[in-house]
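Peer 1: my_file.txt is reproduced in full below (compact mmCIF, N, CA and C atoms).
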# COMPACT_ATOMS: atom_id res chain seq x y z
N MET A 1 51.05 -47.54 -13.63
CA MET A 1 51.06 -46.87 -12.36
C MET A 1 49.63 -46.76 -11.83
N PRO A 2 49.28 -47.64 -10.93
CA PRO A 2 47.93 -47.62 -10.37
C PRO A 2 47.67 -46.34 -9.60
N GLY A 3 46.42 -45.89 -9.66
CA GLY A 3 46.01 -44.73 -8.89
C GLY A 3 46.12 -43.43 -9.65
N GLN A 4 46.78 -43.41 -10.82
CA GLN A 4 46.90 -42.16 -11.58
C GLN A 4 45.71 -42.03 -12.53
N PRO A 5 45.23 -40.83 -12.75
CA PRO A 5 44.12 -40.63 -13.68
C PRO A 5 44.55 -40.98 -15.11
N PRO A 6 43.59 -41.36 -15.98
CA PRO A 6 43.94 -41.71 -17.35
C PRO A 6 44.49 -40.49 -18.09
N ALA A 7 45.32 -40.76 -19.06
CA ALA A 7 45.91 -39.69 -19.86
C ALA A 7 44.81 -38.97 -20.64
N ARG A 8 45.04 -37.70 -20.92
CA ARG A 8 44.07 -36.87 -21.64
C ARG A 8 43.71 -37.51 -22.98
N ARG A 9 44.68 -38.07 -23.68
CA ARG A 9 44.45 -38.70 -24.97
C ARG A 9 43.46 -39.88 -24.84
N THR A 10 43.57 -40.66 -23.81
CA THR A 10 42.68 -41.80 -23.58
C THR A 10 41.25 -41.32 -23.36
N VAL A 11 41.10 -40.26 -22.58
CA VAL A 11 39.77 -39.70 -22.31
C VAL A 11 39.15 -39.17 -23.59
N LEU A 12 39.92 -38.47 -24.41
CA LEU A 12 39.41 -37.91 -25.66
C LEU A 12 39.01 -39.01 -26.64
N LYS A 13 39.79 -40.08 -26.72
CA LYS A 13 39.44 -41.21 -27.61
C LYS A 13 38.11 -41.81 -27.19
N GLY A 14 37.92 -41.99 -25.89
CA GLY A 14 36.67 -42.56 -25.38
C GLY A 14 35.48 -41.67 -25.72
N ALA A 15 35.66 -40.37 -25.58
CA ALA A 15 34.58 -39.44 -25.89
C ALA A 15 34.24 -39.47 -27.37
N ALA A 16 35.25 -39.56 -28.22
CA ALA A 16 35.02 -39.61 -29.67
C ALA A 16 34.28 -40.88 -30.05
N LEU A 17 34.66 -42.00 -29.46
CA LEU A 17 33.99 -43.26 -29.76
C LEU A 17 32.54 -43.24 -29.29
N ALA A 18 32.29 -42.68 -28.13
CA ALA A 18 30.92 -42.59 -27.62
C ALA A 18 30.07 -41.72 -28.54
N GLY A 19 30.63 -40.62 -29.03
CA GLY A 19 29.91 -39.74 -29.96
C GLY A 19 29.59 -40.44 -31.26
N ALA A 20 30.54 -41.20 -31.80
CA ALA A 20 30.32 -41.93 -33.05
C ALA A 20 29.24 -42.98 -32.87
N ALA A 21 29.21 -43.63 -31.73
CA ALA A 21 28.18 -44.64 -31.46
C ALA A 21 26.80 -43.99 -31.43
N GLY A 22 26.71 -42.80 -30.87
CA GLY A 22 25.44 -42.08 -30.82
C GLY A 22 24.95 -41.71 -32.21
N VAL A 23 25.85 -41.28 -33.10
CA VAL A 23 25.50 -40.95 -34.47
C VAL A 23 25.00 -42.19 -35.18
N GLY A 24 25.65 -43.31 -34.98
CA GLY A 24 25.23 -44.56 -35.61
C GLY A 24 23.84 -44.96 -35.15
N ALA A 25 23.55 -44.81 -33.89
CA ALA A 25 22.23 -45.16 -33.37
C ALA A 25 21.17 -44.22 -33.94
N ALA A 26 21.49 -42.94 -34.08
CA ALA A 26 20.53 -41.99 -34.65
C ALA A 26 20.26 -42.30 -36.11
N ALA A 27 21.26 -42.76 -36.86
CA ALA A 27 21.07 -43.07 -38.27
C ALA A 27 20.13 -44.24 -38.45
N CYS A 28 19.97 -45.07 -37.45
CA CYS A 28 19.11 -46.24 -37.54
C CYS A 28 17.88 -46.06 -36.65
N SER A 29 17.48 -44.83 -36.45
CA SER A 29 16.35 -44.53 -35.58
C SER A 29 15.04 -45.01 -36.17
N THR A 30 14.12 -45.45 -35.33
CA THR A 30 12.80 -45.88 -35.79
C THR A 30 11.81 -44.72 -35.78
N GLU A 31 12.27 -43.53 -35.48
CA GLU A 31 11.38 -42.38 -35.43
C GLU A 31 11.08 -41.82 -36.81
N SER A 32 11.85 -42.19 -37.83
CA SER A 32 11.68 -41.65 -39.17
C SER A 32 10.37 -42.10 -39.79
N LYS A 33 9.73 -41.20 -40.47
CA LYS A 33 8.51 -41.55 -41.20
C LYS A 33 8.82 -41.84 -42.66
N LEU A 34 9.94 -41.37 -43.15
CA LEU A 34 10.31 -41.58 -44.55
C LEU A 34 11.68 -42.21 -44.70
N GLY A 35 12.30 -42.55 -43.60
CA GLY A 35 13.64 -43.13 -43.70
C GLY A 35 14.57 -42.17 -44.39
N HIS A 36 15.45 -42.70 -45.20
CA HIS A 36 16.40 -41.87 -45.93
C HIS A 36 15.92 -41.58 -47.34
N ALA A 37 14.68 -41.91 -47.63
CA ALA A 37 14.12 -41.72 -48.97
C ALA A 37 14.04 -40.23 -49.28
N GLN A 38 14.63 -39.84 -50.40
CA GLN A 38 14.55 -38.45 -50.83
C GLN A 38 13.14 -38.14 -51.35
N ALA A 39 12.59 -39.03 -52.17
CA ALA A 39 11.25 -38.86 -52.72
C ALA A 39 10.58 -40.24 -52.69
N PRO A 40 9.90 -40.59 -51.60
CA PRO A 40 9.33 -41.93 -51.49
C PRO A 40 8.14 -42.19 -52.41
N THR A 41 7.58 -41.14 -52.99
CA THR A 41 6.48 -41.32 -53.93
C THR A 41 6.80 -40.59 -55.23
N PRO A 42 6.21 -41.03 -56.34
CA PRO A 42 6.51 -40.39 -57.62
C PRO A 42 6.12 -38.92 -57.63
N THR A 43 6.90 -38.12 -58.33
CA THR A 43 6.61 -36.70 -58.47
C THR A 43 5.95 -36.40 -59.81
N ALA A 44 5.84 -37.43 -60.66
CA ALA A 44 5.18 -37.33 -61.96
C ALA A 44 4.48 -38.66 -62.22
N PRO A 45 3.47 -38.68 -63.10
CA PRO A 45 2.79 -39.95 -63.40
C PRO A 45 3.76 -41.01 -63.92
N VAL A 46 3.54 -42.26 -63.47
CA VAL A 46 4.40 -43.38 -63.85
C VAL A 46 3.53 -44.46 -64.49
N ASP A 47 3.89 -44.87 -65.72
CA ASP A 47 3.17 -45.94 -66.41
C ASP A 47 3.72 -47.28 -65.91
N LEU A 48 2.84 -48.10 -65.33
CA LEU A 48 3.26 -49.37 -64.77
C LEU A 48 2.95 -50.56 -65.67
N GLY A 49 2.34 -50.31 -66.80
CA GLY A 49 2.03 -51.41 -67.72
C GLY A 49 0.63 -51.95 -67.51
N ALA A 50 0.39 -53.14 -68.03
CA ALA A 50 -0.94 -53.75 -68.03
C ALA A 50 -1.51 -53.91 -66.63
N ALA A 51 -2.75 -53.45 -66.47
CA ALA A 51 -3.42 -53.54 -65.17
C ALA A 51 -3.63 -54.99 -64.77
N ASP A 52 -3.85 -55.88 -65.74
CA ASP A 52 -4.12 -57.28 -65.40
C ASP A 52 -2.87 -58.04 -64.96
N ALA A 53 -1.73 -57.36 -64.91
CA ALA A 53 -0.51 -57.98 -64.38
C ALA A 53 -0.57 -58.09 -62.86
N VAL A 54 -1.47 -57.33 -62.24
CA VAL A 54 -1.66 -57.40 -60.78
C VAL A 54 -2.80 -58.37 -60.52
N PRO A 55 -2.53 -59.50 -59.84
CA PRO A 55 -3.58 -60.49 -59.63
C PRO A 55 -4.66 -60.01 -58.66
N VAL A 56 -5.91 -60.36 -58.96
CA VAL A 56 -7.02 -60.03 -58.07
C VAL A 56 -6.78 -60.74 -56.73
N GLY A 57 -6.85 -59.99 -55.65
CA GLY A 57 -6.59 -60.54 -54.32
C GLY A 57 -5.11 -60.59 -53.96
N GLY A 58 -4.28 -60.10 -54.85
CA GLY A 58 -2.84 -60.13 -54.62
C GLY A 58 -2.20 -58.77 -54.86
N ALA A 59 -0.90 -58.78 -55.07
CA ALA A 59 -0.16 -57.54 -55.26
C ALA A 59 1.04 -57.79 -56.16
N LYS A 60 1.56 -56.71 -56.70
CA LYS A 60 2.75 -56.78 -57.55
C LYS A 60 3.72 -55.68 -57.15
N LEU A 61 4.99 -56.06 -57.07
CA LEU A 61 6.06 -55.10 -56.75
C LEU A 61 6.62 -54.55 -58.05
N TYR A 62 6.69 -53.24 -58.15
CA TYR A 62 7.34 -52.55 -59.26
C TYR A 62 8.60 -51.92 -58.65
N ARG A 63 9.61 -52.75 -58.50
CA ARG A 63 10.82 -52.37 -57.76
C ARG A 63 11.52 -51.16 -58.38
N GLU A 64 11.66 -51.17 -59.68
CA GLU A 64 12.37 -50.07 -60.35
C GLU A 64 11.66 -48.73 -60.14
N GLN A 65 10.32 -48.77 -60.09
CA GLN A 65 9.54 -47.55 -59.86
C GLN A 65 9.31 -47.28 -58.38
N ARG A 66 9.77 -48.20 -57.51
CA ARG A 66 9.63 -48.09 -56.06
C ARG A 66 8.17 -48.01 -55.64
N LEU A 67 7.34 -48.86 -56.27
CA LEU A 67 5.92 -48.90 -55.97
C LEU A 67 5.45 -50.33 -55.79
N VAL A 68 4.37 -50.49 -55.05
CA VAL A 68 3.70 -51.78 -54.92
C VAL A 68 2.21 -51.51 -55.12
N VAL A 69 1.57 -52.36 -55.94
CA VAL A 69 0.15 -52.18 -56.26
C VAL A 69 -0.59 -53.45 -55.87
N SER A 70 -1.72 -53.29 -55.19
CA SER A 70 -2.57 -54.43 -54.84
C SER A 70 -3.90 -54.28 -55.58
N CYS A 71 -4.58 -55.41 -55.72
CA CYS A 71 -5.88 -55.44 -56.40
C CYS A 71 -6.86 -56.20 -55.51
N PRO A 72 -7.57 -55.49 -54.61
CA PRO A 72 -8.48 -56.17 -53.70
C PRO A 72 -9.68 -56.80 -54.41
N ALA A 73 -10.12 -56.24 -55.52
CA ALA A 73 -11.23 -56.77 -56.30
C ALA A 73 -11.00 -56.35 -57.76
N LYS A 74 -11.59 -57.10 -58.66
CA LYS A 74 -11.40 -56.81 -60.09
C LYS A 74 -11.68 -55.34 -60.40
N GLY A 75 -10.72 -54.70 -61.01
CA GLY A 75 -10.86 -53.29 -61.40
C GLY A 75 -10.54 -52.29 -60.31
N GLN A 76 -10.22 -52.75 -59.10
CA GLN A 76 -9.88 -51.85 -58.00
C GLN A 76 -8.39 -52.00 -57.67
N TYR A 77 -7.70 -50.89 -57.54
CA TYR A 77 -6.26 -50.92 -57.29
C TYR A 77 -5.89 -49.94 -56.19
N LYS A 78 -4.89 -50.32 -55.41
CA LYS A 78 -4.31 -49.43 -54.39
C LYS A 78 -2.80 -49.48 -54.58
N ALA A 79 -2.17 -48.33 -54.50
CA ALA A 79 -0.72 -48.27 -54.66
C ALA A 79 -0.09 -47.58 -53.46
N PHE A 80 1.11 -48.05 -53.13
CA PHE A 80 1.88 -47.48 -52.03
C PHE A 80 3.34 -47.40 -52.45
N SER A 81 4.07 -46.54 -51.78
CA SER A 81 5.52 -46.51 -51.95
C SER A 81 6.07 -47.87 -51.51
N ALA A 82 7.07 -48.37 -52.23
CA ALA A 82 7.72 -49.64 -51.85
C ALA A 82 9.04 -49.36 -51.15
N GLN A 83 9.17 -48.16 -50.57
CA GLN A 83 10.35 -47.80 -49.80
C GLN A 83 10.01 -47.88 -48.33
N CYS A 84 10.79 -48.66 -47.60
CA CYS A 84 10.59 -48.82 -46.17
C CYS A 84 10.62 -47.47 -45.47
N THR A 85 9.70 -47.28 -44.54
CA THR A 85 9.64 -46.01 -43.80
C THR A 85 10.67 -45.94 -42.68
N HIS A 86 11.44 -46.99 -42.50
CA HIS A 86 12.50 -46.97 -41.48
C HIS A 86 13.78 -46.36 -42.04
N ALA A 87 14.33 -46.97 -43.08
CA ALA A 87 15.61 -46.48 -43.61
C ALA A 87 15.57 -46.20 -45.11
N GLY A 88 14.41 -46.31 -45.72
CA GLY A 88 14.28 -45.96 -47.13
C GLY A 88 14.69 -47.04 -48.12
N CYS A 89 14.97 -48.24 -47.66
CA CYS A 89 15.34 -49.33 -48.57
C CYS A 89 14.12 -49.75 -49.38
N VAL A 90 14.34 -50.14 -50.63
CA VAL A 90 13.26 -50.60 -51.49
C VAL A 90 13.01 -52.08 -51.22
N PHE A 91 11.73 -52.46 -51.18
CA PHE A 91 11.37 -53.86 -50.96
C PHE A 91 12.10 -54.76 -51.95
N ASP A 92 12.43 -55.95 -51.50
CA ASP A 92 13.04 -56.93 -52.41
C ASP A 92 12.02 -57.93 -52.91
N LYS A 93 10.88 -58.06 -52.20
CA LYS A 93 9.86 -59.00 -52.64
C LYS A 93 8.54 -58.73 -51.95
N VAL A 94 7.49 -59.27 -52.56
CA VAL A 94 6.16 -59.26 -51.96
C VAL A 94 5.72 -60.71 -51.91
N GLU A 95 5.35 -61.16 -50.72
CA GLU A 95 4.85 -62.53 -50.52
C GLU A 95 3.40 -62.42 -50.10
N GLY A 96 2.50 -62.88 -50.95
CA GLY A 96 1.08 -62.70 -50.68
C GLY A 96 0.76 -61.23 -50.70
N THR A 97 0.40 -60.68 -49.55
CA THR A 97 0.13 -59.24 -49.46
C THR A 97 1.08 -58.55 -48.48
N GLU A 98 2.26 -59.17 -48.26
CA GLU A 98 3.25 -58.56 -47.37
C GLU A 98 4.50 -58.18 -48.15
N GLY A 99 4.88 -56.91 -48.00
CA GLY A 99 6.12 -56.41 -48.59
C GLY A 99 7.26 -56.58 -47.61
N ASN A 100 8.41 -56.98 -48.12
CA ASN A 100 9.57 -57.24 -47.27
C ASN A 100 10.69 -56.24 -47.54
N CYS A 101 11.21 -55.64 -46.47
CA CYS A 101 12.38 -54.77 -46.57
C CYS A 101 13.62 -55.61 -46.29
N PRO A 102 14.55 -55.68 -47.24
CA PRO A 102 15.73 -56.52 -47.06
C PRO A 102 16.77 -55.95 -46.09
N CYS A 103 16.67 -54.68 -45.74
CA CYS A 103 17.71 -54.06 -44.91
C CYS A 103 17.62 -54.44 -43.44
N HIS A 104 16.45 -54.32 -42.84
CA HIS A 104 16.32 -54.58 -41.41
C HIS A 104 15.15 -55.51 -41.08
N GLY A 105 14.48 -56.06 -42.11
CA GLY A 105 13.43 -57.03 -41.88
C GLY A 105 12.04 -56.49 -41.62
N SER A 106 11.82 -55.20 -41.83
CA SER A 106 10.47 -54.67 -41.66
C SER A 106 9.55 -55.31 -42.69
N ARG A 107 8.28 -55.48 -42.30
CA ARG A 107 7.28 -56.04 -43.21
C ARG A 107 6.04 -55.14 -43.17
N PHE A 108 5.40 -55.03 -44.33
CA PHE A 108 4.24 -54.14 -44.48
C PHE A 108 3.10 -54.87 -45.16
N ASP A 109 1.87 -54.52 -44.78
CA ASP A 109 0.68 -54.99 -45.48
C ASP A 109 0.55 -54.09 -46.71
N VAL A 110 0.71 -54.65 -47.90
CA VAL A 110 0.71 -53.82 -49.11
C VAL A 110 -0.71 -53.49 -49.59
N THR A 111 -1.73 -53.97 -48.86
CA THR A 111 -3.11 -53.59 -49.20
C THR A 111 -3.55 -52.37 -48.40
N THR A 112 -2.86 -52.10 -47.28
CA THR A 112 -3.22 -50.96 -46.43
C THR A 112 -2.04 -50.02 -46.18
N GLY A 113 -0.82 -50.50 -46.41
CA GLY A 113 0.38 -49.71 -46.13
C GLY A 113 0.86 -49.84 -44.70
N LYS A 114 0.11 -50.51 -43.85
CA LYS A 114 0.43 -50.61 -42.42
C LYS A 114 1.72 -51.39 -42.17
N ALA A 115 2.55 -50.89 -41.25
CA ALA A 115 3.76 -51.61 -40.82
C ALA A 115 3.32 -52.78 -39.96
N LEU A 116 3.77 -53.99 -40.32
CA LEU A 116 3.41 -55.20 -39.59
C LEU A 116 4.51 -55.66 -38.64
N LYS A 117 5.75 -55.43 -39.03
CA LYS A 117 6.91 -55.88 -38.24
C LYS A 117 7.99 -54.81 -38.35
N GLY A 118 8.57 -54.47 -37.22
CA GLY A 118 9.59 -53.42 -37.15
C GLY A 118 10.94 -53.89 -37.61
N PRO A 119 11.82 -52.93 -37.65
CA PRO A 119 11.84 -51.68 -36.88
C PRO A 119 10.95 -50.56 -37.42
N ALA A 120 10.44 -50.64 -38.64
CA ALA A 120 9.57 -49.57 -39.15
C ALA A 120 8.28 -49.53 -38.33
N THR A 121 7.81 -48.32 -38.05
CA THR A 121 6.56 -48.15 -37.32
C THR A 121 5.55 -47.34 -38.13
N ALA A 122 6.01 -46.53 -39.06
CA ALA A 122 5.13 -45.68 -39.86
C ALA A 122 4.63 -46.44 -41.08
N ALA A 123 3.40 -46.15 -41.46
CA ALA A 123 2.79 -46.77 -42.64
C ALA A 123 3.44 -46.24 -43.92
N LEU A 124 3.31 -47.03 -44.98
CA LEU A 124 3.80 -46.61 -46.30
C LEU A 124 2.93 -45.48 -46.84
N PRO A 125 3.53 -44.50 -47.51
CA PRO A 125 2.72 -43.45 -48.13
C PRO A 125 1.89 -44.03 -49.28
N GLU A 126 0.60 -43.67 -49.32
CA GLU A 126 -0.26 -44.12 -50.42
C GLU A 126 0.02 -43.26 -51.65
N VAL A 127 -0.15 -43.87 -52.81
CA VAL A 127 0.10 -43.21 -54.09
C VAL A 127 -1.16 -43.34 -54.93
N PRO A 128 -1.68 -42.25 -55.49
CA PRO A 128 -2.85 -42.36 -56.36
C PRO A 128 -2.54 -43.28 -57.55
N VAL A 129 -3.53 -44.08 -57.95
CA VAL A 129 -3.36 -45.00 -59.08
C VAL A 129 -4.69 -45.10 -59.83
N LYS A 130 -4.61 -45.20 -61.16
CA LYS A 130 -5.82 -45.36 -61.97
C LYS A 130 -5.49 -46.22 -63.18
N VAL A 131 -6.53 -46.69 -63.84
CA VAL A 131 -6.38 -47.47 -65.06
C VAL A 131 -6.77 -46.58 -66.23
N THR A 132 -5.86 -46.47 -67.19
CA THR A 132 -6.11 -45.72 -68.41
C THR A 132 -5.77 -46.62 -69.60
N ASP A 133 -6.78 -46.89 -70.42
CA ASP A 133 -6.59 -47.76 -71.60
C ASP A 133 -5.97 -49.10 -71.22
N GLY A 134 -6.41 -49.67 -70.10
CA GLY A 134 -5.93 -50.98 -69.67
C GLY A 134 -4.56 -50.98 -69.00
N LYS A 135 -3.99 -49.78 -68.80
CA LYS A 135 -2.67 -49.67 -68.16
C LYS A 135 -2.80 -48.94 -66.82
N LEU A 136 -1.97 -49.37 -65.87
CA LEU A 136 -1.92 -48.69 -64.58
C LEU A 136 -1.03 -47.46 -64.68
N VAL A 137 -1.52 -46.36 -64.14
CA VAL A 137 -0.74 -45.13 -64.05
C VAL A 137 -0.79 -44.71 -62.59
N ALA A 138 0.39 -44.51 -61.99
CA ALA A 138 0.47 -44.11 -60.58
C ALA A 138 1.18 -42.77 -60.45
N GLY A 139 0.86 -42.05 -59.40
CA GLY A 139 1.52 -40.78 -59.12
C GLY A 139 0.54 -39.63 -59.14
N PRO A 140 1.07 -38.43 -59.12
CA PRO A 140 0.21 -37.23 -59.11
C PRO A 140 -0.73 -37.24 -60.33
N ASP A 141 -1.92 -36.75 -60.12
CA ASP A 141 -2.95 -36.64 -61.16
C ASP A 141 -3.45 -37.99 -61.66
N ALA A 142 -3.12 -39.06 -60.94
CA ALA A 142 -3.61 -40.39 -61.36
C ALA A 142 -5.01 -40.62 -60.82
Would it be possible to restate this file's structure as structure tokens?

Peer 2:
Amino acid sequence: MPGQPPARRTVLKGAALAGAAGVGAAACSTESKLGHAQAPTPTAPVDLGAADAVPVGGAKLYREQRLVVSCPAKGQYKAFSAQCTHAGCVFDKVEGTEGNCPCHGSRFDVTTGKALKGPATAALPEVPVKVTDGKLVAGPDA
């Protein structure tokens, strides 16, 4: 019947769908600084093993510990969270000095933590790291 207003049920369905779409967009917001990560950095010291496993001028991903460590010069190390600052996904790989987030394609410079490619815009949180008896230790008090 042309000219009649839509049924109340049709209007309510449309409103519910529009609301759900808004929630979905908010869940994938680029405004997050920590994504969905509950604890993007260690809360206790973490033993990462032999310091010489990180190549000079390169980086190593410690996926299980959610950390990435770079070695700009012999004996110097920098560590960052390996959790994307967009949605909290853990990197799947490091190529050269770029960390890759498998969820939405964000890329980070693992020597500085800087976001190189979005949707992430916030830098990775830095994590203290030191060498003790030839082993890397990252986290608080490192």

Peer 1: Run DSSP on the backbone and grab whatever in stretch 16-142 of chain A lands in strand (DSSP E or B); send it over as number ranges by chain.

Peer 2: A: 46-50, 59-62, 67-73, 76-81, 83, 90, 93-95, 98-100, 107-109, 115-117, 126-127, 129-132, 135-138

Peer 1: For those residues, write N, CA and C atoms to a file as a compact mmCIF listing (two decimals), in the frame of the given file.

Peer 2:
# COMPACT_ATOMS: atom_id res chain seq x y z
N VAL A 46 3.54 -42.26 -63.47
CA VAL A 46 4.40 -43.38 -63.85
C VAL A 46 3.53 -44.46 -64.49
N ASP A 47 3.89 -44.87 -65.72
CA ASP A 47 3.17 -45.94 -66.41
C ASP A 47 3.72 -47.28 -65.91
N LEU A 48 2.84 -48.10 -65.33
CA LEU A 48 3.26 -49.37 -64.77
C LEU A 48 2.95 -50.56 -65.67
N GLY A 49 2.34 -50.31 -66.80
CA GLY A 49 2.03 -51.41 -67.72
C GLY A 49 0.63 -51.95 -67.51
N ALA A 50 0.39 -53.14 -68.03
CA ALA A 50 -0.94 -53.75 -68.03
C ALA A 50 -1.51 -53.91 -66.63
N ALA A 59 -0.90 -58.78 -55.07
CA ALA A 59 -0.16 -57.54 -55.26
C ALA A 59 1.04 -57.79 -56.16
N LYS A 60 1.56 -56.71 -56.70
CA LYS A 60 2.75 -56.78 -57.55
C LYS A 60 3.72 -55.68 -57.15
N LEU A 61 4.99 -56.06 -57.07
CA LEU A 61 6.06 -55.10 -56.75
C LEU A 61 6.62 -54.55 -58.05
N TYR A 62 6.69 -53.24 -58.15
CA TYR A 62 7.34 -52.55 -59.26
C TYR A 62 8.60 -51.92 -58.65
N LEU A 67 7.34 -48.86 -56.27
CA LEU A 67 5.92 -48.90 -55.97
C LEU A 67 5.45 -50.33 -55.79
N VAL A 68 4.37 -50.49 -55.05
CA VAL A 68 3.70 -51.78 -54.92
C VAL A 68 2.21 -51.51 -55.12
N VAL A 69 1.57 -52.36 -55.94
CA VAL A 69 0.15 -52.18 -56.26
C VAL A 69 -0.59 -53.45 -55.87
N SER A 70 -1.72 -53.29 -55.19
CA SER A 70 -2.57 -54.43 -54.84
C SER A 70 -3.90 -54.28 -55.58
N CYS A 71 -4.58 -55.41 -55.72
CA CYS A 71 -5.88 -55.44 -56.40
C CYS A 71 -6.86 -56.20 -55.51
N PRO A 72 -7.57 -55.49 -54.61
CA PRO A 72 -8.48 -56.17 -53.70
C PRO A 72 -9.68 -56.80 -54.41
N ALA A 73 -10.12 -56.24 -55.52
CA ALA A 73 -11.23 -56.77 -56.30
C ALA A 73 -11.00 -56.35 -57.76
N GLN A 76 -10.22 -52.75 -59.10
CA GLN A 76 -9.88 -51.85 -58.00
C GLN A 76 -8.39 -52.00 -57.67
N TYR A 77 -7.70 -50.89 -57.54
CA TYR A 77 -6.26 -50.92 -57.29
C TYR A 77 -5.89 -49.94 -56.19
N LYS A 78 -4.89 -50.32 -55.41
CA LYS A 78 -4.31 -49.43 -54.39
C LYS A 78 -2.80 -49.48 -54.58
N ALA A 79 -2.17 -48.33 -54.50
CA ALA A 79 -0.72 -48.27 -54.66
C ALA A 79 -0.09 -47.58 -53.46
N PHE A 80 1.11 -48.05 -53.13
CA PHE A 80 1.88 -47.48 -52.03
C PHE A 80 3.34 -47.40 -52.45
N SER A 81 4.07 -46.54 -51.78
CA SER A 81 5.52 -46.51 -51.95
C SER A 81 6.07 -47.87 -51.51
N GLN A 83 9.17 -48.16 -50.57
CA GLN A 83 10.35 -47.80 -49.80
C GLN A 83 10.01 -47.88 -48.33
N VAL A 90 14.34 -50.14 -50.63
CA VAL A 90 13.26 -50.60 -51.49
C VAL A 90 13.01 -52.08 -51.22
N LYS A 93 10.88 -58.06 -52.20
CA LYS A 93 9.86 -59.00 -52.64
C LYS A 93 8.54 -58.73 -51.95
N VAL A 94 7.49 -59.27 -52.56
CA VAL A 94 6.16 -59.26 -51.96
C VAL A 94 5.72 -60.71 -51.91
N GLU A 95 5.35 -61.16 -50.72
CA GLU A 95 4.85 -62.53 -50.52
C GLU A 95 3.40 -62.42 -50.10
N GLU A 98 2.26 -59.17 -48.26
CA GLU A 98 3.25 -58.56 -47.37
C GLU A 98 4.50 -58.18 -48.15
N GLY A 99 4.88 -56.91 -48.00
CA GLY A 99 6.12 -56.41 -48.59
C GLY A 99 7.26 -56.58 -47.61
N ASN A 100 8.41 -56.98 -48.12
CA ASN A 100 9.57 -57.24 -47.27
C ASN A 100 10.69 -56.24 -47.54
N ARG A 107 8.28 -55.48 -42.30
CA ARG A 107 7.28 -56.04 -43.21
C ARG A 107 6.04 -55.14 -43.17
N PHE A 108 5.40 -55.03 -44.33
CA PHE A 108 4.24 -54.14 -44.48
C PHE A 108 3.10 -54.87 -45.16
N ASP A 109 1.87 -54.52 -44.78
CA ASP A 109 0.68 -54.99 -45.48
C ASP A 109 0.55 -54.09 -46.71
N ALA A 115 2.55 -50.89 -41.25
CA ALA A 115 3.76 -51.61 -40.82
C ALA A 115 3.32 -52.78 -39.96
N LEU A 116 3.77 -53.99 -40.32
CA LEU A 116 3.41 -55.20 -39.59
C LEU A 116 4.51 -55.66 -38.64
N LYS A 117 5.75 -55.43 -39.03
CA LYS A 117 6.91 -55.88 -38.24
C LYS A 117 7.99 -54.81 -38.35
N GLU A 126 0.60 -43.67 -49.32
CA GLU A 126 -0.26 -44.12 -50.42
C GLU A 126 0.02 -43.26 -51.65
N VAL A 127 -0.15 -43.87 -52.81
CA VAL A 127 0.10 -43.21 -54.09
C VAL A 127 -1.16 -43.34 -54.93
N VAL A 129 -3.53 -44.08 -57.95
CA VAL A 129 -3.36 -45.00 -59.08
C VAL A 129 -4.69 -45.10 -59.83
N LYS A 130 -4.61 -45.20 -61.16
CA LYS A 130 -5.82 -45.36 -61.97
C LYS A 130 -5.49 -46.22 -63.18
N VAL A 131 -6.53 -46.69 -63.84
CA VAL A 131 -6.38 -47.47 -65.06
C VAL A 131 -6.77 -46.58 -66.23
N THR A 132 -5.86 -46.47 -67.19
CA THR A 132 -6.11 -45.72 -68.41
C THR A 132 -5.77 -46.62 -69.60
N LYS A 135 -3.99 -49.78 -68.80
CA LYS A 135 -2.67 -49.67 -68.16
C LYS A 135 -2.80 -48.94 -66.82
N LEU A 136 -1.97 -49.37 -65.87
CA LEU A 136 -1.92 -48.69 -64.58
C LEU A 136 -1.03 -47.46 -64.68
N VAL A 137 -1.52 -46.36 -64.14
CA VAL A 137 -0.74 -45.13 -64.05
C VAL A 137 -0.79 -44.71 -62.59
N ALA A 138 0.39 -44.51 -61.99
CA ALA A 138 0.47 -44.11 -60.58
C ALA A 138 1.18 -42.77 -60.45

Peer 1: A:Val46: which residues within 7 Å, counting all atoms listed in the file, same-chain residues fewer than 6 positions away excluded, as a ChimeraX atom specification?

Peer 2: /A:136-140

Peer 1: Work out how far apart atom N of A:Pro55 and atom CA of A:Pro128 are and give it in Å to one decimal.

Peer 2: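 Computing it gives 17.5 Å between the two atoms.
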
Peer 1: As a list in words, please: the residues near A:Pro40 (cut-off 8 Å, all atoms listed in the file, same-chain neighbours under 6 positions excluded).

Peer 2: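 The residues satisfying every condition are Leu34, Gln65, Arg66, Leu67, Phe80, Ser81, Ala82, Gln83, Cys84, Gly88 and Pro125 of chain A.
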
Peer 1: In Å, rounded to a single decimal, give me how far atom CA of A:Thr43 is from atom N of A:Thr132.

Peer 2: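 A separation of 18.1 Å between them.
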
Peer 1: Neighbours of A:Asp133 within 12 Å (only C-alpha atoms; same-chain residues fewer than 3 positions away dropped), as a list in words?

Peer 2: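 That gives Asp47, Gly49, Ala50, Ala51, Asp52, Lys130, Leu136 and Val137 of chain A.
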
Peer 1: State, in Å with one decimal place, the distance from atom C of A:Leu116 to atom N of A:Gly57.

Peer 2: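 Straight-line distance from atom C of A:Leu116 to atom N of A:Gly57 works out to 20.9 Å.
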
Peer 1: What's around A:Pro102 at 6 Å? Count all atoms listed in the file, leave out sequence neighbours fewer than 4 positions away in its own chain, and write the answer as an NGL selection string.

Peer 2: :A and (90-92)

Peer 1: Can I get the selection written as a PDB file, in the frame of the given file, with N, CA and C atoms?

Peer 2:
ATOM      1  N   VAL A  90      14.340 -50.140 -50.630  1.00  0.00           N
ATOM      2  CA  VAL A  90      13.260 -50.600 -51.490  1.00  0.00           C
ATOM      3  C   VAL A  90      13.010 -52.080 -51.220  1.00  0.00           C
ATOM      4  N   PHE A  91      11.730 -52.460 -51.180  1.00  0.00           N
ATOM      5  CA  PHE A  91      11.370 -53.860 -50.960  1.00  0.00           C
ATOM      6  C   PHE A  91      12.100 -54.760 -51.950  1.00  0.00           C
ATOM      7  N   ASP A  92      12.430 -55.950 -51.500  1.00  0.00           N
ATOM      8  CA  ASP A  92      13.040 -56.930 -52.410  1.00  0.00           C
ATOM      9  C   ASP A  92      12.020 -57.930 -52.910  1.00  0.00           C
TER      10      ASP A  92
END
